[in-house]
file work.csv (CSV, C-alpha atoms and all ligand atoms)
chain,number,residue,atom,x,y,z
D,9,MET,CA,-78.5,-221.9,-52.9
D,10,GLN,CA,-76.7,-219.2,-54.9
D,11,GLN,CA,-74.1,-218.7,-52.1
D,12,ALA,CA,-73.6,-222.5,-51.9
D,13,CYS,CA,-72.9,-222.6,-55.7
D,14,PHE,CA,-70.5,-219.7,-55.5
D,15,ALA,CA,-68.7,-221.4,-52.6
D,16,ALA,CA,-68.4,-224.7,-54.4
D,17,LEU,CA,-67.1,-222.9,-57.6
D,18,ARG,CA,-64.6,-221.0,-55.6
D,19,ARG,CA,-63.3,-224.1,-53.8
D,20,ARG,CA,-62.9,-225.9,-57.1
D,21,GLY,CA,-61.3,-222.9,-58.8
D,22,ASN,CA,-58.8,-222.5,-55.9
D,23,ALA,CA,-57.9,-226.2,-56.0
D,24,ARG,CA,-57.4,-226.0,-59.8
D,25,ARG,CA,-55.2,-222.9,-59.4
D,26,GLN,CA,-53.1,-224.6,-56.7
D,27,ARG,CA,-52.4,-227.5,-59.0
D,28,VAL,CA,-51.5,-225.3,-61.9
D,29,VAL,CA,-49.2,-223.2,-59.7
D,30,GLN,CA,-47.6,-226.3,-58.2
D,31,THR,CA,-46.8,-227.7,-61.6
D,32,PHE,CA,-45.3,-224.4,-62.7
D,33,HIS,CA,-43.2,-224.2,-59.6
D,34,GLU,CA,-41.9,-227.8,-60.0
D,35,GLU,CA,-40.9,-227.0,-63.6
D,36,GLN,CA,-39.1,-223.9,-62.5
D,37,ALA,CA,-37.3,-225.7,-59.7
D,38,GLN,CA,-36.1,-228.5,-62.0
D,39,ASP,CA,-35.2,-226.2,-64.9
D,40,GLY,CA,-32.9,-224.1,-62.8
D,41,GLY,CA,-34.3,-220.9,-64.3
D,42,ALA,CA,-34.4,-217.5,-62.8
D,43,LEU,CA,-37.5,-218.4,-60.7
D,44,ARG,CA,-36.0,-221.5,-59.2
D,45,ARG,CA,-35.4,-220.0,-55.8
D,46,PHE,CA,-38.8,-218.3,-55.8
D,47,ALA,CA,-40.5,-221.6,-56.7
D,48,GLN,CA,-38.7,-223.5,-54.0
D,49,TRP,CA,-39.8,-221.1,-51.4
D,50,SER,CA,-43.4,-220.7,-52.5
D,51,PRO,CA,-45.2,-224.0,-52.0
D,52,ALA,CA,-48.7,-222.7,-52.9
D,53,SER,CA,-50.5,-219.8,-54.5
D,54,PHE,CA,-51.6,-217.2,-52.0
D,55,ARG,CA,-51.3,-213.5,-51.5
D,56,GLN,CA,-48.3,-212.8,-49.3
D,57,PRO,CA,-49.4,-210.7,-46.3
D,58,TYR,CA,-46.4,-208.3,-46.6
D,59,LEU,CA,-47.8,-207.2,-50.0
D,60,ASN,CA,-50.4,-205.2,-48.0
D,61,LEU,CA,-47.9,-203.0,-46.2
D,62,ASP,CA,-48.1,-199.3,-46.8
D,63,ASP,CA,-44.4,-199.0,-47.5
D,64,VAL,CA,-44.2,-199.8,-51.2
D,65,HIS,CA,-40.4,-199.5,-51.3
D,66,ALA,CA,-40.1,-202.2,-48.6
D,67,VAL,CA,-42.6,-204.4,-50.5
D,68,GLN,CA,-40.7,-203.9,-53.7
D,69,LEU,CA,-37.4,-204.7,-52.2
D,70,ILE,CA,-38.7,-207.9,-50.5
D,71,THR,CA,-40.3,-209.1,-53.6
D,72,ARG,CA,-37.2,-208.5,-55.7
D,73,LEU,CA,-35.0,-210.2,-53.1
D,74,ARG,CA,-37.3,-213.3,-53.1
D,75,MET,CA,-36.9,-213.5,-56.9
D,76,ASP,CA,-33.2,-213.0,-56.9
D,77,LEU,CA,-33.4,-209.6,-58.6
D,78,ARG,CA,-31.4,-207.5,-56.1
D,79,GLY,CA,-28.3,-207.8,-54.1
D,80,GLU,CA,-25.6,-210.5,-54.1
D,81,ASP,CA,-28.0,-213.2,-55.2
D,82,ALA,CA,-28.7,-211.4,-58.4
D,83,GLU,CA,-25.1,-211.3,-59.3
D,84,ARG,CA,-24.2,-214.8,-58.0
D,85,ARG,CA,-27.0,-217.1,-58.8
D,86,ARG,CA,-28.6,-215.9,-62.0
D,87,PRO,CA,-28.5,-218.9,-64.4
D,88,HIS,CA,-28.0,-216.8,-67.5
D,89,ALA,CA,-24.9,-214.8,-68.4
D,90,ALA,CA,-24.2,-211.5,-66.8
D,91,ALA,CA,-26.0,-208.6,-68.5
D,92,HIS,CA,-24.2,-205.6,-69.9
D,93,ASN,CA,-24.8,-203.6,-66.7
D,94,MET,CA,-23.8,-206.4,-64.4
D,95,ARG,CA,-20.4,-207.7,-63.3
D,96,ALA,CA,-19.3,-211.0,-64.7
D,97,LEU,CA,-18.9,-213.0,-61.5
D,98,ASP,CA,-18.6,-216.7,-61.0
D,99,ARG,CA,-21.9,-218.2,-60.3
D,100,ILE,CA,-22.3,-219.8,-56.8
D,101,ASP,CA,-25.5,-221.8,-56.7
D,102,ASP,CA,-25.4,-222.6,-53.0
D,103,PRO,CA,-25.2,-219.7,-50.6
D,104,ALA,CA,-23.5,-222.0,-48.1
D,105,HIS,CA,-20.5,-222.0,-50.4
D,106,ARG,CA,-20.4,-218.2,-50.4
D,107,PRO,CA,-18.1,-216.6,-47.9
D,108,CYS,CA,-19.2,-213.7,-45.6
D,109,TYR,CA,-16.8,-210.9,-46.4
D,110,LEU,CA,-18.0,-208.8,-43.5
D,111,CYS,CA,-16.9,-211.4,-40.9
D,112,TRP,CA,-13.6,-211.8,-42.7
D,113,HIS,CA,-13.0,-208.0,-42.9
D,114,HIS,CA,-13.9,-207.5,-39.2
D,115,GLY,CA,-12.2,-210.3,-37.5
D,116,HIS,CA,-10.7,-212.6,-40.2
D,117,VAL,CA,-13.5,-215.1,-39.4
D,118,TRP,CA,-14.5,-217.6,-42.1
D,119,ALA,CA,-18.3,-217.9,-42.3
D,120,ARG,CA,-20.8,-219.0,-44.9
D,121,GLU,CA,-23.0,-216.2,-46.1
D,122,THR,CA,-26.4,-217.8,-45.8
D,123,GLY,CA,-29.6,-215.9,-45.0
D,124,ALA,CA,-29.5,-217.3,-41.5
D,125,HIS,CA,-25.9,-216.1,-41.0
D,126,VAL,CA,-26.7,-212.5,-42.3
D,127,SER,CA,-29.8,-212.3,-40.2
D,128,LEU,CA,-28.7,-214.1,-37.0
D,129,HIS,CA,-24.9,-214.7,-36.7
D,130,CYS,CA,-22.8,-212.2,-38.7
D,131,SER,CA,-20.1,-210.9,-36.3
D,132,HIS,CA,-19.7,-207.4,-37.8
D,133,PRO,CA,-20.6,-204.9,-35.1
D,134,ALA,CA,-23.1,-203.0,-37.3
D,135,MET,CA,-24.9,-206.2,-38.2
D,136,VAL,CA,-24.9,-207.2,-34.5
D,137,ALA,CA,-26.5,-203.8,-33.6
D,138,ALA,CA,-29.1,-204.2,-36.3
D,139,ARG,CA,-30.0,-207.6,-35.0
D,140,ALA,CA,-30.4,-206.3,-31.5
D,141,LEU,CA,-32.6,-203.5,-32.8
D,142,ILE,CA,-35.2,-205.9,-34.4
D,143,ARG,CA,-35.1,-208.1,-31.3
D,144,ALA,CA,-36.0,-205.1,-29.2
D,145,GLU,CA,-38.7,-203.9,-31.6
D,146,LEU,CA,-40.4,-207.3,-31.6
D,147,THR,CA,-40.1,-207.6,-27.9
D,148,MET,CA,-41.7,-204.2,-27.4
D,149,LEU,CA,-44.5,-205.0,-29.9
D,150,ALA,CA,-45.2,-208.3,-28.1
D,151,GLN,CA,-45.8,-206.3,-24.9
D,152,ASP,CA,-48.6,-204.3,-26.5
D,153,PRO,CA,-51.9,-204.9,-24.6
D,154,GLU,CA,-53.7,-205.6,-28.0
D,155,VAL,CA,-51.3,-208.4,-28.8
D,156,PHE,CA,-52.0,-210.1,-25.5
D,157,GLN,CA,-55.7,-210.0,-26.3
D,158,VAL,CA,-55.4,-211.8,-29.7
D,159,ALA,CA,-52.2,-213.8,-29.5
D,160,PRO,CA,-50.8,-216.6,-27.3
D,161,PRO,CA,-48.0,-215.7,-24.9
D,162,PRO,CA,-45.2,-214.1,-26.9
D,163,PRO,CA,-42.1,-216.1,-27.7
D,164,ASP,CA,-38.6,-215.1,-26.6
D,165,PHE,CA,-37.1,-213.1,-29.5
D,166,ARG,CA,-33.6,-213.5,-28.1
D,167,ASP,CA,-33.8,-217.1,-29.4
D,168,ASP,CA,-32.4,-217.5,-32.9
D,169,SER,CA,-35.1,-220.1,-33.9
D,170,VAL,CA,-37.9,-217.7,-32.9
D,171,LEU,CA,-36.4,-214.7,-34.6
D,172,TRP,CA,-35.6,-216.6,-37.8
D,173,THR,CA,-39.1,-218.1,-38.0
D,174,VAL,CA,-40.7,-214.7,-37.6
D,175,LEU,CA,-38.4,-213.1,-40.2
D,176,MET,CA,-39.0,-215.8,-42.7
D,177,LEU,CA,-42.7,-216.0,-42.2
D,178,CYS,CA,-43.1,-212.2,-42.5
D,179,VAL,CA,-41.2,-211.8,-45.8
D,180,SER,CA,-41.1,-215.1,-47.6
D,181,LEU,CA,-43.2,-218.1,-46.7
D,182,GLY,CA,-46.4,-216.6,-45.2
D,183,PRO,CA,-48.6,-219.1,-43.4
D,184,ALA,CA,-46.8,-222.1,-44.9
D,185,PRO,CA,-46.2,-225.1,-42.6
D,186,VAL,CA,-43.2,-224.7,-40.4
D,187,LEU,CA,-41.9,-228.1,-41.4
D,188,HIS,CA,-41.4,-226.8,-44.9
D,189,LEU,CA,-39.3,-224.0,-43.4
D,190,VAL,CA,-37.3,-226.6,-41.4
D,191,ALA,CA,-36.7,-228.7,-44.5
D,192,ALA,CA,-35.5,-225.6,-46.4
D,193,HIS,CA,-33.1,-224.3,-43.8
D,194,GLU,CA,-32.0,-227.0,-41.5
D,195,GLY,CA,-28.2,-227.2,-41.4
D,196,ALA,CA,-27.7,-224.2,-43.6
D,197,GLY,CA,-24.6,-222.5,-42.3
D,198,GLY,CA,-24.5,-224.7,-39.2
D,199,PHE,CA,-27.9,-223.4,-38.0
D,200,VAL,CA,-30.5,-225.9,-36.9
D,201,LEU,CA,-34.0,-224.8,-36.2
D,202,ASP,CA,-35.6,-225.6,-32.9
D,203,VAL,CA,-38.9,-227.0,-34.2
D,204,ALA,CA,-40.9,-226.5,-30.9
D,205,ARG,CA,-39.8,-222.9,-30.6
D,206,ALA,CA,-40.5,-222.3,-34.3
D,207,ARG,CA,-44.0,-223.7,-34.0
D,208,GLY,CA,-44.7,-221.4,-31.0
D,209,ALA,CA,-43.4,-218.3,-33.0
D,210,ALA,CA,-45.5,-219.3,-36.0
D,211,ALA,CA,-48.6,-219.6,-33.9
D,212,TRP,CA,-48.0,-216.2,-32.3
D,213,LEU,CA,-47.5,-214.6,-35.7
D,214,ARG,CA,-50.5,-216.3,-37.3
D,215,ALA,CA,-52.7,-215.0,-34.5
D,216,LEU,CA,-51.6,-211.5,-35.3
D,217,SER,CA,-51.6,-211.6,-39.0
D,218,GLU,CA,-55.0,-213.2,-39.6
D,219,PRO,CA,-57.0,-210.3,-38.1
D,220,TRP,CA,-55.0,-207.8,-40.1
D,221,VAL,CA,-55.4,-209.7,-43.4
D,222,ALA,CA,-59.1,-210.2,-42.7
D,223,ALA,CA,-59.5,-206.5,-42.0
D,224,ILE,CA,-57.9,-205.7,-45.4
D,225,HIS,CA,-60.4,-207.9,-47.3
D,226,SER,CA,-63.4,-206.9,-45.3
D,227,PRO,CA,-65.6,-204.1,-46.7
D,228,ARG,CA,-66.5,-203.0,-43.1
D,229,ARG,CA,-63.3,-201.8,-41.4
D,230,PRO,CA,-63.7,-200.5,-37.9
D,231,ARG,CA,-60.2,-199.0,-38.1
D,232,PRO,CA,-57.5,-198.7,-40.7
D,233,PRO,CA,-55.6,-201.9,-41.4
D,234,HIS,CA,-52.2,-200.5,-40.5
D,235,ALA,CA,-53.4,-200.0,-37.0
D,236,TYR,CA,-53.5,-203.7,-36.4
D,237,ALA,CA,-50.7,-205.3,-34.4
D,238,GLY,CA,-50.1,-207.8,-37.2
D,239,ALA,CA,-49.4,-204.8,-39.6
D,240,ARG,CA,-46.9,-203.4,-37.1
D,241,VAL,CA,-45.0,-206.7,-36.8
D,242,PHE,CA,-44.8,-207.1,-40.5
D,243,ALA,CA,-43.7,-203.5,-40.9
D,244,ALA,CA,-41.0,-203.9,-38.3
D,245,VAL,CA,-39.6,-207.0,-40.2
D,246,ALA,CA,-39.8,-205.2,-43.5
D,247,GLY,CA,-37.8,-202.4,-42.0
D,248,GLN,CA,-35.2,-204.9,-40.8
D,249,VAL,CA,-34.9,-206.3,-44.3
D,250,GLN,CA,-34.3,-202.9,-45.7
D,251,ARG,CA,-31.8,-202.0,-42.9
D,252,LEU,CA,-29.8,-205.2,-43.4
D,253,TRP,CA,-29.8,-204.9,-47.1
D,254,ARG,CA,-28.6,-201.2,-47.1
D,255,LEU,CA,-26.1,-201.9,-44.3
D,256,ARG,CA,-24.5,-204.9,-45.9
D,257,ARG,CA,-24.2,-203.0,-49.3
D,258,ARG,CA,-22.7,-199.9,-47.6
D,259,LEU,CA,-20.2,-201.9,-45.5
D,260,LEU,CA,-19.0,-204.1,-48.3
D,261,ARG,CA,-18.0,-201.1,-50.4
D,262,ALA,CA,-15.1,-200.6,-48.0
D,263,VAL,CA,-13.9,-204.2,-48.1
D,264,PRO,CA,-11.1,-204.7,-50.7
D,265,ALA,CA,-11.4,-208.5,-50.7
D,266,TYR,CA,-15.1,-208.2,-51.6
D,267,ARG,CA,-14.4,-206.1,-54.6
D,268,SER,CA,-12.1,-208.8,-56.0
D,269,ARG,CA,-14.1,-211.6,-54.5
D,270,ALA,CA,-10.8,-213.0,-53.2
D,271,LEU,CA,-12.4,-215.5,-50.8
D,272,ASP,CA,-14.6,-217.2,-53.4
D,273,PRO,CA,-14.2,-220.9,-54.0
D,274,GLY,CA,-11.5,-221.6,-56.6
D,275,ARG,CA,-9.7,-218.4,-55.8
D,276,GLY,CA,-7.5,-219.7,-53.1
D,277,GLY,CA,-9.6,-218.9,-50.0
D,278,PRO,CA,-8.3,-217.0,-47.0
D,279,ALA,CA,-4.6,-217.3,-47.7
D,280,VAL,CA,-4.9,-215.6,-51.0
D,281,ALA,CA,-7.3,-213.0,-49.6
D,282,ARG,CA,-4.8,-212.3,-46.8
D,283,ALA,CA,-2.0,-211.9,-49.4
D,284,ARG,CA,-4.1,-209.6,-51.6
D,285,VAL,CA,-5.1,-207.5,-48.7
D,286,GLY,CA,-1.5,-207.3,-47.5
D,287,ASN,CA,-0.4,-206.1,-51.0
D,288,LYS,CA,-2.4,-203.0,-50.4
D,289,GLY,CA,0.4,-201.5,-48.3
D,290,PHE,CA,3.4,-199.4,-49.2
D,291,THR,CA,4.2,-201.2,-52.5
D,292,HIS,CA,0.6,-200.7,-53.7
D,293,ARG,CA,0.7,-197.0,-52.9
D,294,VAL,CA,4.0,-196.6,-54.7
D,295,MET,CA,2.6,-198.3,-57.8
D,296,LYS,CA,-0.4,-196.1,-57.7
D,297,ALA,CA,1.7,-193.0,-57.5
D,298,MET,CA,3.9,-194.1,-60.4
D,299,PHE,CA,0.9,-194.8,-62.5
D,300,PHE,CA,-0.6,-191.4,-61.7
D,301,PHE,CA,2.7,-189.8,-62.5
D,302,LEU,CA,2.9,-191.5,-65.9
D,303,ILE,CA,-0.7,-190.5,-66.7
D,304,CYS,CA,0.1,-186.9,-65.8
D,305,ILE,CA,3.1,-186.9,-68.2
D,306,VAL,CA,1.1,-188.3,-71.0
D,307,VAL,CA,-1.7,-185.7,-70.5
D,308,ILE,CA,0.8,-182.8,-70.3
D,309,SER,CA,2.6,-184.0,-73.5
D,310,PHE,CA,-0.7,-184.3,-75.4
D,311,ILE,CA,-1.7,-180.8,-74.3
D,312,ALA,CA,1.7,-179.4,-75.4
D,313,PHE,CA,1.4,-181.1,-78.7
D,314,VAL,CA,-2.1,-179.7,-79.4
D,315,LEU,CA,-1.0,-176.2,-78.4
D,316,ASN,CA,2.0,-176.4,-80.6
D,317,VAL,CA,0.0,-177.5,-83.6
D,318,LEU,CA,-2.5,-174.7,-83.0
D,319,PHE,CA,0.2,-172.1,-82.7
D,320,ASP,CA,2.0,-173.2,-85.8
D,321,GLY,CA,-1.3,-173.1,-87.7
D,322,TRP,CA,-2.1,-169.6,-86.5
D,323,ARG,CA,1.4,-168.4,-87.6
D,324,PHE,CA,0.9,-169.9,-91.0
D,325,LEU,CA,-2.5,-168.3,-91.5
D,326,MET,CA,-1.1,-164.9,-90.4
D,327,SER,CA,1.8,-165.1,-92.8
D,328,GLN,CA,-0.6,-166.0,-95.7
D,329,SER,CA,-2.9,-163.1,-94.8
D,330,ILE,CA,-0.1,-160.6,-94.7
D,331,GLY,CA,1.4,-161.9,-97.9
D,332,GLY,CA,-1.9,-161.7,-99.7
D,333,PHE,CA,-2.4,-158.1,-98.5
D,334,TYR,CA,0.9,-157.0,-100.0
D,335,ASP,CA,0.1,-158.9,-103.2
D,336,CYS,CA,-2.9,-156.6,-103.7
F,401,ZN,ZN,-20.8,-212.5,-41.5
call {"tool": "encode", "arguments": {"input": "work.csv", "output": "structure tokens", "more": "lines below"}}
Ligand SMILES: [Zn+2]
result
Amino acid sequence: MQQACFAALRRRGNARRQRVVQTFHEEQAQDGGALRRFAQWSPASFRQPYLNLDDVHAVQLITRLRMDLRGEDAERRRPHAAAHNMRALDRIDDPAHRPCYLCWHHGHVWARETGAHVSLHCSHPAMVAARALIRAELTMLAQDPEVFQVAPPPPDFRDDSVLWTVLMLCVSLGPAPVLHLVAAHEGAGGFVLDVARARGAAAWLRALSEPWVAAIHSPRRPRPPHAYAGARVFAAVAGQVQRLWRLRRRLLRAVPAYRSRALDPGRGGPAVARARVGNKGFTHRVMKAMFFFLICIVVISFIAFVLNVLFDGWRFLMSQSIGGFYDC
């Protein structure tokens, strides 16, 4: 009887919590506040499985990325004005309107910098290599004998729909319905999700993640939670998120067009970017040399002026001292 009461109270409490959270998310999505993206991607209140990973740095990065607090999204899509420690960049609400500076820098290819593009289609060689690495890691994990015992036949991770579904479910949407995922990302950057393949990937991942999450919440643990296959899959995806984030940030530092955001909407697009990049040639270097020469002349003149003042002051003091001595 007691357990039945507790179960009923828990069910009613969870239902009430879901209604409150859903109302809050709807308000955030309509207001366009800082939590808008987070609210759009979190249809319900539940503890995301990736929060149970041992790598706290990866968990922190994923959570901040989901809430637009790190990376390009933080600079581009914050609704409020740029803070004192942030650059004042034009806000771009839709990532599909944001150009990929890596594709442009590598092969002068115009692409939209959506999440699907960065994770699946970016043509920069380093991004292609990172993508191949996570495909190989997931394929190797899927061949584990333990995975064959608890999960359905593994999907083909060479398929973009499969890889995208696993990436998104591991770091963002959790066990949310795949149709929600389809509605959120269909057509973004020209990528259309294959629903049948996505469903297969979601079922495979759910079969792995549920024993892992159950082991975390169970007081009787036959083995540590990180030894479960689900934990290894989530850890591999979290590592991929870290890898892509660091790689993109490091590569973009060497892209002149990115520093000036020359490809952004309203700045002229590729033609202007090409012109600005082209100006970085001989004329640009001559201008920099002349500027450096002028700065050197100003600094040397200032030092000479200061030394002259000090020397004149010293001579004046010495003459006063000698004069005073003779006066005595
Ligand atoms: Zn790209």
call {"tool": "residues_near_ligand", "arguments": {"input": "work.csv", "ligand": "ligand ZN 401 (chain F)", "cutoff": "7 Å", "atoms": "all atoms listed in the file", "output": "ChimeraX atom specification"}}
result
/D:108-111,119,121,125-126,129-132
call {"tool": "residues_around", "arguments": {"input": "work.csv", "residues": "range 214-219 of chain D", "least_positions_apart": "6", "cutoff": "12 Å", "atoms": "all atoms listed in the file", "output": "number ranges by chain"}}
result
D: 56-58, 60-61, 149-150, 152, 154-162, 173-174, 177-178, 182-186, 207-208, 225-226, 229-243
call {"tool": "write_last_selection", "arguments": {"input": "work.csv", "atoms": "C-alpha atoms", "output": "compact mmCIF listing (two decimals), in the frame of the given file"}}
result
# COMPACT_ATOMS: atom_id res chain seq x y z
CA GLN D 56 -48.30 -212.80 -49.30
CA PRO D 57 -49.40 -210.70 -46.30
CA TYR D 58 -46.40 -208.30 -46.60
CA ASN D 60 -50.40 -205.20 -48.00
CA LEU D 61 -47.90 -203.00 -46.20
CA LEU D 149 -44.50 -205.00 -29.90
CA ALA D 150 -45.20 -208.30 -28.10
CA ASP D 152 -48.60 -204.30 -26.50
CA GLU D 154 -53.70 -205.60 -28.00
CA VAL D 155 -51.30 -208.40 -28.80
CA PHE D 156 -52.00 -210.10 -25.50
CA GLN D 157 -55.70 -210.00 -26.30
CA VAL D 158 -55.40 -211.80 -29.70
CA ALA D 159 -52.20 -213.80 -29.50
CA PRO D 160 -50.80 -216.60 -27.30
CA PRO D 161 -48.00 -215.70 -24.90
CA PRO D 162 -45.20 -214.10 -26.90
CA THR D 173 -39.10 -218.10 -38.00
CA VAL D 174 -40.70 -214.70 -37.60
CA LEU D 177 -42.70 -216.00 -42.20
CA CYS D 178 -43.10 -212.20 -42.50
CA GLY D 182 -46.40 -216.60 -45.20
CA PRO D 183 -48.60 -219.10 -43.40
CA ALA D 184 -46.80 -222.10 -44.90
CA PRO D 185 -46.20 -225.10 -42.60
CA VAL D 186 -43.20 -224.70 -40.40
CA ARG D 207 -44.00 -223.70 -34.00
CA GLY D 208 -44.70 -221.40 -31.00
CA HIS D 225 -60.40 -207.90 -47.30
CA SER D 226 -63.40 -206.90 -45.30
CA ARG D 229 -63.30 -201.80 -41.40
CA PRO D 230 -63.70 -200.50 -37.90
CA ARG D 231 -60.20 -199.00 -38.10
CA PRO D 232 -57.50 -198.70 -40.70
CA PRO D 233 -55.60 -201.90 -41.40
CA HIS D 234 -52.20 -200.50 -40.50
CA ALA D 235 -53.40 -200.00 -37.00
CA TYR D 236 -53.50 -203.70 -36.40
CA ALA D 237 -50.70 -205.30 -34.40
CA GLY D 238 -50.10 -207.80 -37.20
CA ALA D 239 -49.40 -204.80 -39.60
CA ARG D 240 -46.90 -203.40 -37.10
CA VAL D 241 -45.00 -206.70 -36.80
CA PHE D 242 -44.80 -207.10 -40.50
CA ALA D 243 -43.70 -203.50 -40.90
call {"tool": "atom_distance", "arguments": {"input": "work.csv", "atom1": "CA of Leu77 in chain D", "atom2": "CA of Asp168 in chain D"}}
result
26.9 Å
call {"tool": "residues_around", "arguments": {"input": "work.csv", "residues": "Pro273 in chain D", "least_positions_apart": "5", "cutoff": "9 Å", "atoms": "only C-alpha atoms", "output": "list of chain:residue names"}}
result
D:Ile100, D:His105, D:Arg106, D:Pro107
call {"tool": "closest_residue", "arguments": {"input": "work.csv", "among": "D:Leu318, D:Met9, D:Ile224, D:Ile303", "to": "Asp62 in chain D", "atoms": "all atoms listed in the file"}}
result
D:Ile224
